[in-house]
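Content type compact mmCIF, C-alpha atoms, from the file structure.txt:
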```txt
# COMPACT_ATOMS: atom_id res chain seq x y z
CA MET A 1 -33.91 21.31 17.38
CA LYS A 2 -31.80 18.51 18.83
CA ILE A 3 -34.01 15.81 17.25
CA THR A 4 -33.81 17.42 13.81
CA ARG A 5 -30.01 17.69 14.07
CA GLN A 6 -29.76 14.01 14.96
CA LYS A 7 -32.03 13.10 12.02
CA HIS A 8 -29.79 15.01 9.62
CA ALA A 9 -26.71 13.40 11.12
CA LYS A 10 -28.26 9.95 10.79
CA LYS A 11 -29.09 10.61 7.14
CA HIS A 12 -25.57 11.83 6.36
CA LEU A 13 -23.99 8.91 8.21
CA GLY A 14 -26.13 6.48 6.23
CA PHE A 15 -24.86 8.01 3.00
CA PHE A 16 -21.20 7.67 4.03
CA ARG A 17 -21.82 4.17 5.36
CA ASN A 18 -23.46 2.87 2.17
CA ASN A 19 -21.15 4.57 -0.34
CA PHE A 20 -17.78 4.72 1.42
CA GLY A 21 -17.80 1.94 3.99
CA VAL A 22 -17.67 4.15 7.09
CA ARG A 23 -18.19 1.97 10.17
CA GLU A 24 -18.26 2.23 13.96
CA PRO A 25 -16.44 3.24 15.99
CA TYR A 26 -16.21 6.53 14.12
CA GLN A 27 -12.66 7.90 14.19
CA ILE A 28 -12.77 11.69 14.46
CA LEU A 29 -9.57 13.66 13.81
CA LEU A 30 -9.52 16.89 15.82
CA ASP A 31 -7.36 19.93 15.13
CA GLY A 32 -6.51 22.78 17.49
CA THR A 33 -9.28 25.09 16.26
CA PHE A 34 -11.99 22.49 16.98
CA CYS A 35 -10.60 21.84 20.46
CA GLN A 36 -10.56 25.58 21.15
CA ALA A 37 -14.17 25.98 19.97
CA ALA A 38 -15.25 23.06 22.18
CA LEU A 39 -13.50 24.69 25.14
CA ARG A 40 -15.22 28.04 24.58
CA GLY A 41 -18.63 26.42 24.13
CA ARG A 42 -18.10 24.20 27.18
CA ILE A 43 -18.76 21.13 25.06
CA GLN A 44 -17.91 17.77 26.58
CA LEU A 45 -16.76 16.00 23.42
CA ARG A 46 -16.50 12.52 24.91
CA GLU A 47 -20.10 12.66 26.08
CA GLN A 48 -21.84 14.73 23.40
CA LEU A 49 -20.28 13.28 20.24
CA PRO A 50 -21.57 9.70 20.82
CA ARG A 51 -25.03 11.07 21.64
CA TYR A 52 -25.12 13.26 18.55
CA LEU A 53 -23.88 10.54 16.17
CA MET A 54 -25.76 7.80 18.06
CA ALA A 55 -22.72 5.54 17.86
CA GLU A 56 -19.39 4.81 19.48
CA THR A 57 -16.67 7.34 18.64
CA GLN A 58 -12.90 7.62 19.00
CA LEU A 59 -11.36 11.07 19.43
CA CYS A 60 -8.05 11.20 17.56
CA THR A 61 -5.33 13.70 16.72
CA THR A 62 -1.74 13.69 15.43
CA ARG A 63 1.70 14.67 16.69
CA CYS A 64 1.77 17.65 14.36
CA VAL A 65 -1.43 19.05 15.89
CA LEU A 66 -0.01 18.66 19.40
CA LYS A 67 3.27 20.26 18.33
CA GLU A 68 1.42 23.19 16.78
CA LEU A 69 -0.60 23.77 19.96
CA GLU A 70 2.58 23.72 22.04
CA THR A 71 4.21 26.38 19.87
CA LEU A 72 1.16 28.67 20.03
CA GLY A 73 1.63 29.20 23.77
CA LYS A 74 -0.65 29.95 26.72
CA ASP A 75 -3.64 31.17 24.68
CA LEU A 76 -4.33 27.63 23.49
CA TYR A 77 -3.26 25.80 26.63
CA GLY A 78 -6.80 24.51 27.29
CA ALA A 79 -7.14 23.30 23.69
CA LYS A 80 -3.82 21.49 24.07
CA LEU A 81 -5.09 19.69 27.18
CA ILE A 82 -8.16 18.48 25.26
CA ALA A 83 -6.02 17.28 22.35
CA GLN A 84 -3.63 15.46 24.67
CA LYS A 85 -6.51 13.31 25.94
CA CYS A 86 -7.19 12.06 22.40
CA GLN A 87 -5.66 9.00 20.79
CA VAL A 88 -2.57 9.95 18.80
CA ARG A 89 -2.54 8.54 15.27
CA ASN A 90 0.74 8.02 13.44
CA CYS A 91 1.31 10.59 10.72
CA PRO A 92 4.05 10.50 8.03
CA HIS A 93 5.88 13.51 9.52
CA PHE A 94 8.20 11.76 11.97
CA LYS A 95 11.28 13.92 11.49
CA ASN A 96 9.87 17.32 10.48
CA SER A 97 6.46 18.31 11.77
CA VAL A 98 4.05 20.33 9.60
CA SER A 99 1.01 22.48 10.35
CA GLY A 100 -2.05 20.81 11.80
CA SER A 101 -4.15 21.42 8.68
CA GLU A 102 -1.52 19.98 6.36
CA CYS A 103 -1.11 16.95 8.60
CA LEU A 104 -4.85 16.19 8.72
CA LEU A 105 -5.04 16.45 4.93
CA SER A 106 -2.26 13.88 4.62
CA MET A 107 -4.19 11.53 6.91
CA VAL A 108 -7.14 11.38 4.51
CA GLU A 109 -5.17 10.98 1.28
CA ASP A 110 -5.66 8.07 -1.17
CA GLY A 111 -9.40 7.78 -0.64
CA ASN A 112 -9.37 8.01 3.17
CA PRO A 113 -8.75 4.27 3.75
CA HIS A 114 -9.13 4.53 7.56
CA HIS A 115 -12.48 6.37 7.22
CA TYR A 116 -11.49 9.36 9.34
CA PHE A 117 -13.86 12.22 10.15
CA VAL A 118 -12.22 15.66 10.10
CA ALA A 119 -13.31 18.06 12.86
CA THR A 120 -12.09 21.63 12.35
CA GLN A 121 -13.08 25.30 12.47
CA ASP A 122 -10.46 26.21 9.83
CA GLN A 123 -12.35 27.39 6.72
CA ASN A 124 -9.38 26.82 4.45
CA LEU A 125 -8.99 23.24 5.65
CA SER A 126 -12.74 22.65 5.32
CA MET A 127 -12.70 23.75 1.67
CA LYS A 128 -9.82 21.39 0.90
CA VAL A 129 -11.56 18.50 2.66
CA LYS A 130 -14.73 19.08 0.63
CA LYS A 131 -12.72 18.70 -2.58
CA LYS A 132 -11.83 15.14 -1.56
CA PRO A 133 -14.63 12.57 -1.83
CA GLY A 134 -15.72 10.41 1.06
CA ILE A 135 -14.54 12.46 4.07
CA PRO A 136 -17.16 13.39 6.72
CA LEU A 137 -16.61 16.95 7.96
CA MET A 138 -17.57 18.25 11.41
CA PHE A 139 -17.55 21.71 12.98
CA ILE A 140 -19.13 23.69 15.81
CA ILE A 141 -21.79 26.38 15.28
CA GLN A 142 -23.35 28.31 18.17
CA ASN A 143 -21.91 25.90 20.72
CA THR A 144 -23.40 22.86 18.95
CA ILE A 145 -21.65 20.08 17.03
CA VAL A 146 -22.68 19.71 13.38
CA LEU A 147 -21.94 16.97 10.88
CA ASP A 148 -21.79 18.65 7.49
CA LYS A 149 -23.82 17.24 4.59
CA PRO A 150 -21.88 15.38 1.87
CA SER A 151 -20.05 17.77 -0.44
CA PRO A 152 -20.91 18.01 -4.18
CA LYS A 153 -17.60 16.25 -4.92
CA THR A 154 -18.57 13.37 -2.64
CA ILE A 155 -22.05 13.04 -4.15
CA ALA A 156 -20.68 13.11 -7.72
CA PHE A 157 -18.13 10.43 -6.86
CA ALA A 158 -20.80 8.19 -5.30
CA LYS A 159 -23.00 8.54 -8.40
CA ALA A 160 -20.07 7.71 -10.70
CA VAL A 161 -19.32 4.56 -8.69
CA GLU A 162 -22.99 3.56 -8.75
CA SER A 163 -23.16 3.96 -12.54
CA GLY A 164 -20.00 1.89 -12.99
CA GLN A 165 -17.79 4.72 -14.23
CA LEU A 166 -15.47 4.56 -11.21
CA VAL A 167 -14.33 1.98 -8.67
CA SER A 168 -14.51 2.94 -5.01
CA GLY A 169 -11.59 2.56 -2.65
CA GLN A 170 -13.38 -0.21 -0.76
CA GLU A 171 -13.94 -2.18 -3.99
CA LYS A 172 -10.28 -1.72 -4.99
CA GLN A 173 -9.19 -3.15 -1.65
CA SER A 174 -11.53 -6.15 -1.95
CA ILE A 175 -10.32 -6.84 -5.51
CA LYS A 176 -6.71 -6.71 -4.33
CA GLN A 177 -7.45 -9.16 -1.50
CA LEU A 178 -9.15 -11.59 -3.88
CA LYS A 179 -6.17 -11.48 -6.25
CA GLU A 180 -3.77 -12.14 -3.37
CA GLU A 181 -5.88 -15.10 -2.15
CA GLN A 182 -5.94 -16.63 -5.63
CA GLY A 183 -2.22 -16.07 -6.12
CA LEU A 184 -2.65 -13.68 -9.02
CA VAL A 185 -0.59 -10.95 -7.36
CA LYS A 186 3.09 -11.69 -6.84
CA ASP A 187 5.51 -9.75 -4.71
CA PRO A 188 8.22 -7.91 -6.64
CA GLU A 189 10.80 -9.24 -4.16
CA GLN A 190 9.96 -12.82 -5.10
CA ARG A 191 10.33 -11.97 -8.77
CA ARG A 192 13.76 -10.48 -8.12
CA LYS A 193 14.82 -13.57 -6.20
CA LYS A 194 13.71 -15.83 -9.03
CA LYS A 195 15.61 -13.77 -11.55
CA ARG A 196 18.73 -13.94 -9.41
CA LYS A 197 18.49 -17.73 -9.16
CA LYS A 198 18.45 -18.04 -12.95
CA ILE A 199 21.88 -16.37 -13.23
CA ASN A 200 24.30 -19.32 -13.04
CA GLY A 201 27.80 -20.26 -14.27
CA PRO A 202 28.65 -22.60 -17.14
CA ASN A 203 26.64 -25.79 -17.35
CA PRO A 204 28.78 -28.76 -16.21
CA LEU A 205 26.94 -31.09 -18.57
CA SER A 206 28.09 -29.08 -21.56
CA CYS A 207 31.67 -29.47 -20.38
CA LEU A 208 31.24 -33.24 -20.13
CA LYS A 209 29.91 -33.41 -23.66
CA LYS A 210 32.94 -31.58 -24.94
CA LYS A 211 35.22 -34.07 -23.21
CA LYS A 212 33.41 -36.98 -24.86
CA LYS A 213 33.94 -35.38 -28.24
CA THR A 214 37.67 -35.07 -27.63
CA GLN A 215 37.82 -38.73 -26.59
CA ASP A 216 36.00 -39.74 -29.74
CA THR A 217 38.38 -37.77 -31.93
CA ASN A 218 41.39 -39.24 -30.11
CA SER A 219 40.07 -42.80 -30.52
CA SER A 220 39.36 -42.26 -34.25
CA ALA A 221 42.88 -40.86 -34.77
CA SER A 222 44.46 -43.85 -32.99
CA GLU A 223 42.43 -46.27 -35.14
CA LYS A 224 43.65 -44.55 -38.32
CA LYS A 225 47.27 -44.89 -37.12
CA ARG A 226 46.78 -48.62 -36.48
CA LYS A 227 45.34 -49.14 -39.96
CA ARG A 228 48.29 -47.33 -41.49
CA LYS A 229 50.71 -49.52 -39.55
CA ARG A 230 48.91 -52.67 -40.71
CA ILE A 231 49.06 -51.53 -44.34
CA ARG A 232 52.77 -50.81 -44.03
CA ASN A 233 53.43 -54.19 -42.43
CA ARG A 234 51.57 -55.95 -45.21
CA SER A 235 53.58 -54.13 -47.92
CA THR A 236 56.91 -54.96 -46.27
CA SER A 237 55.96 -58.62 -45.92
CA LYS A 238 55.13 -58.79 -49.63
CA VAL A 239 58.53 -57.33 -50.59
CA LEU A 240 60.38 -59.86 -48.42
CA SER A 241 58.47 -62.79 -49.90
CA GLU A 242 59.24 -61.66 -53.45
CA LYS A 243 62.99 -61.43 -52.66
CA GLN A 244 63.00 -64.92 -51.22
CA ASN A 245 61.32 -66.36 -54.33
CA ALA A 246 63.80 -64.63 -56.59
CA GLU A 247 66.78 -65.99 -54.70
CA GLY A 248 65.36 -69.49 -54.73
```
Structure translated into structure tokens:
Amino acid sequence: MKITRQKHAKKHLGFFRNNFGVREPYQILLDGTFCQAALRGRIQLREQLPRYLMAETQLCTTRCVLKELETLGKDLYGAKLIAQKCQVRNCPHFKNSVSGSECLLSMVEDGNPHHYFVATQDQNLSMKVKKKPGIPLMFIIQNTIVLDKPSPKTIAFAKAVESGQLVSGQEKQSIKQLKEEQGLVKDPEQRRKKKRKKINGPNPLSCLKKKKKTQDTNSSASEKKRKRKRIRNRSTSKVLSEKQNAEG
């Protein structure tokens, strides 16, 4: 039975690896229900999970899961001890904590970029996880760990990507990196800075040009006055010469 379970797990892992980029070490997010089931079944998660998946694993949880286990009291004290030994991943609920199921769902949003596994006994959470493509789901049945087969949503998404109808999250990330390397993607902050630099005061050159025009007009006006004076001087000289001739 153990060999067949490992074969199924290997097949499912190969599917997630080829279609969604899941890589070792596998990061497994645990909630309180999974920790409680492991405690009841006397399952040593740190030893049995790497054997079952035949790869290195990292047991993870969130602050919201730990907070939820603390509020539930003595009945889940053992589950809380197991969760406290896991690596705590940063969740977006810094100020106000939420339920463990809601927190784990938020950790696998936007195409599950960190390639988390979700380990839970919560049926409601499991159904929501299956509606999101590319998320490996784990649970415990009869004191044994099981990696669930890919959901219909996950299989449909993989087929759509293969046929070219959709772009996977891994491909989107690689395309974004290529654009950034080639300088095709610009930061909005840089654009704002450039726009701010363009806003300037009056151009000093335009002011200089206006001054030159005023000088030109002043010089032309002075030249006209000089010509008028010359004409007047010539007319007066003619009158004086005529008087002198008449007297002589």
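Comparing A:Gly111, A:Gly73, A:Gly100, A:Pro25 by their smallest distance to Leu125 in chain A, the closest is A:Gly100 (using all atoms listed in the file).
As for CA of Leu66 in chain A and CA of Arg46 in chain A, they are spaced 18.4 Å apart.
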12 Å contact set for Lys10 in chain A, all atoms listed in the file, chain neighbours under 5 positions out, as a VMD selection string: chain A and resid 3 to 5 15 to 17 51 to 55 146 to 149
Shell of 12 Å around Thr62 in chain A, all atoms listed in the file, local chain residues under 6 positions omitted, as JSON, numbers by chain: {"A": [28, 29, 30, 31, 32, 68, 69, 80, 83, 84, 85, 86, 87, 88, 89, 90, 91, 92, 93, 94, 97, 98, 99, 100, 101, 102, 103, 104, 105, 106, 107, 118]}
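Shell of Arg23 in chain A at 12 Å, with only C-alpha atoms counted and residues fewer than 4 places along the chain excluded, is Leu13, Gly14, Phe15, Phe16, Arg17, Asn18, Asn19, Gln27, Ile28, Leu53, Ala55, Glu56, Thr57, Gln58, Pro113, His114, His115, Tyr116, Phe117 and Pro136 of chain A.
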Mind filling out range 112-123 of chain A with all heavy atoms and sending it as a compact mmCIF listing (two decimals), keeping the file's coordinate frame?
```txt
# COMPACT_ATOMS: atom_id res chain seq x y z
N ASN A 112 -9.03 8.12 1.75
CA ASN A 112 -9.37 8.01 3.17
C ASN A 112 -9.59 6.55 3.59
O ASN A 112 -10.69 6.16 4.00
CB ASN A 112 -10.63 8.85 3.48
CG ASN A 112 -10.87 9.02 4.96
OD1 ASN A 112 -9.99 8.83 5.79
ND2 ASN A 112 -12.10 9.39 5.31
N PRO A 113 -8.56 5.70 3.49
CA PRO A 113 -8.75 4.27 3.75
C PRO A 113 -9.14 3.93 5.18
O PRO A 113 -9.77 2.90 5.43
CB PRO A 113 -7.37 3.67 3.40
CG PRO A 113 -6.41 4.80 3.55
CD PRO A 113 -7.16 6.04 3.15
N HIS A 114 -8.78 4.80 6.16
CA HIS A 114 -9.13 4.53 7.56
C HIS A 114 -10.47 5.16 7.95
O HIS A 114 -10.86 5.07 9.12
CB HIS A 114 -8.02 5.06 8.47
CG HIS A 114 -6.70 4.40 8.23
ND1 HIS A 114 -6.42 3.11 8.61
CD2 HIS A 114 -5.57 4.86 7.63
CE1 HIS A 114 -5.18 2.79 8.26
NE2 HIS A 114 -4.65 3.83 7.67
N HIS A 115 -11.14 5.79 7.00
CA HIS A 115 -12.48 6.37 7.22
C HIS A 115 -12.49 7.39 8.36
O HIS A 115 -13.34 7.35 9.26
CB HIS A 115 -13.51 5.26 7.51
CG HIS A 115 -13.50 4.17 6.48
ND1 HIS A 115 -13.78 4.41 5.15
CD2 HIS A 115 -13.26 2.84 6.57
CE1 HIS A 115 -13.71 3.28 4.46
NE2 HIS A 115 -13.39 2.31 5.29
N TYR A 116 -11.54 8.31 8.32
CA TYR A 116 -11.49 9.36 9.34
C TYR A 116 -12.56 10.42 9.08
O TYR A 116 -12.87 10.74 7.92
CB TYR A 116 -10.12 10.04 9.33
CG TYR A 116 -8.99 9.22 9.91
CD1 TYR A 116 -7.86 8.94 9.15
CD2 TYR A 116 -9.04 8.74 11.22
CE1 TYR A 116 -6.81 8.20 9.68
CE2 TYR A 116 -8.00 7.99 11.75
CZ TYR A 116 -6.90 7.72 10.97
OH TYR A 116 -5.86 6.98 11.49
N PHE A 117 -13.10 10.97 10.17
CA PHE A 117 -13.86 12.22 10.15
C PHE A 117 -12.85 13.33 10.42
O PHE A 117 -11.92 13.14 11.20
CB PHE A 117 -14.93 12.25 11.25
CG PHE A 117 -16.09 11.31 11.03
CD1 PHE A 117 -15.89 9.96 10.79
CD2 PHE A 117 -17.39 11.78 11.10
CE1 PHE A 117 -16.96 9.10 10.61
CE2 PHE A 117 -18.47 10.92 10.93
CZ PHE A 117 -18.25 9.57 10.68
N VAL A 118 -13.06 14.49 9.83
CA VAL A 118 -12.22 15.66 10.10
C VAL A 118 -13.05 16.69 10.83
O VAL A 118 -14.09 17.14 10.33
CB VAL A 118 -11.63 16.26 8.81
CG1 VAL A 118 -10.85 17.53 9.12
CG2 VAL A 118 -10.70 15.25 8.13
N ALA A 119 -12.60 17.07 12.04
CA ALA A 119 -13.31 18.06 12.86
C ALA A 119 -12.43 19.31 12.96
O ALA A 119 -11.35 19.26 13.55
CB ALA A 119 -13.60 17.49 14.25
N THR A 120 -12.90 20.41 12.40
CA THR A 120 -12.09 21.63 12.35
C THR A 120 -12.98 22.86 12.24
O THR A 120 -14.12 22.78 11.76
CB THR A 120 -11.12 21.58 11.15
OG1 THR A 120 -10.32 22.76 11.14
CG2 THR A 120 -11.87 21.48 9.84
N GLN A 121 -12.44 24.00 12.67
CA GLN A 121 -13.08 25.30 12.47
C GLN A 121 -12.34 26.10 11.39
O GLN A 121 -12.74 27.23 11.09
CB GLN A 121 -13.06 26.10 13.78
CG GLN A 121 -13.79 25.44 14.94
CD GLN A 121 -15.28 25.30 14.69
OE1 GLN A 121 -15.76 24.19 14.42
NE2 GLN A 121 -16.00 26.40 14.74
N ASP A 122 -11.28 25.54 10.84
CA ASP A 122 -10.46 26.21 9.83
C ASP A 122 -11.20 26.17 8.48
O ASP A 122 -11.41 25.09 7.90
CB ASP A 122 -9.11 25.51 9.73
CG ASP A 122 -8.13 26.24 8.82
OD1 ASP A 122 -8.56 27.12 8.07
OD2 ASP A 122 -6.92 25.92 8.87
N GLN A 123 -11.60 27.32 7.97
CA GLN A 123 -12.35 27.39 6.72
C GLN A 123 -11.52 26.90 5.53
O GLN A 123 -12.04 26.22 4.64
CB GLN A 123 -12.83 28.83 6.47
CG GLN A 123 -13.84 29.33 7.49
CD GLN A 123 -15.15 28.54 7.41
OE1 GLN A 123 -15.59 28.16 6.34
NE2 GLN A 123 -15.76 28.32 8.57
```
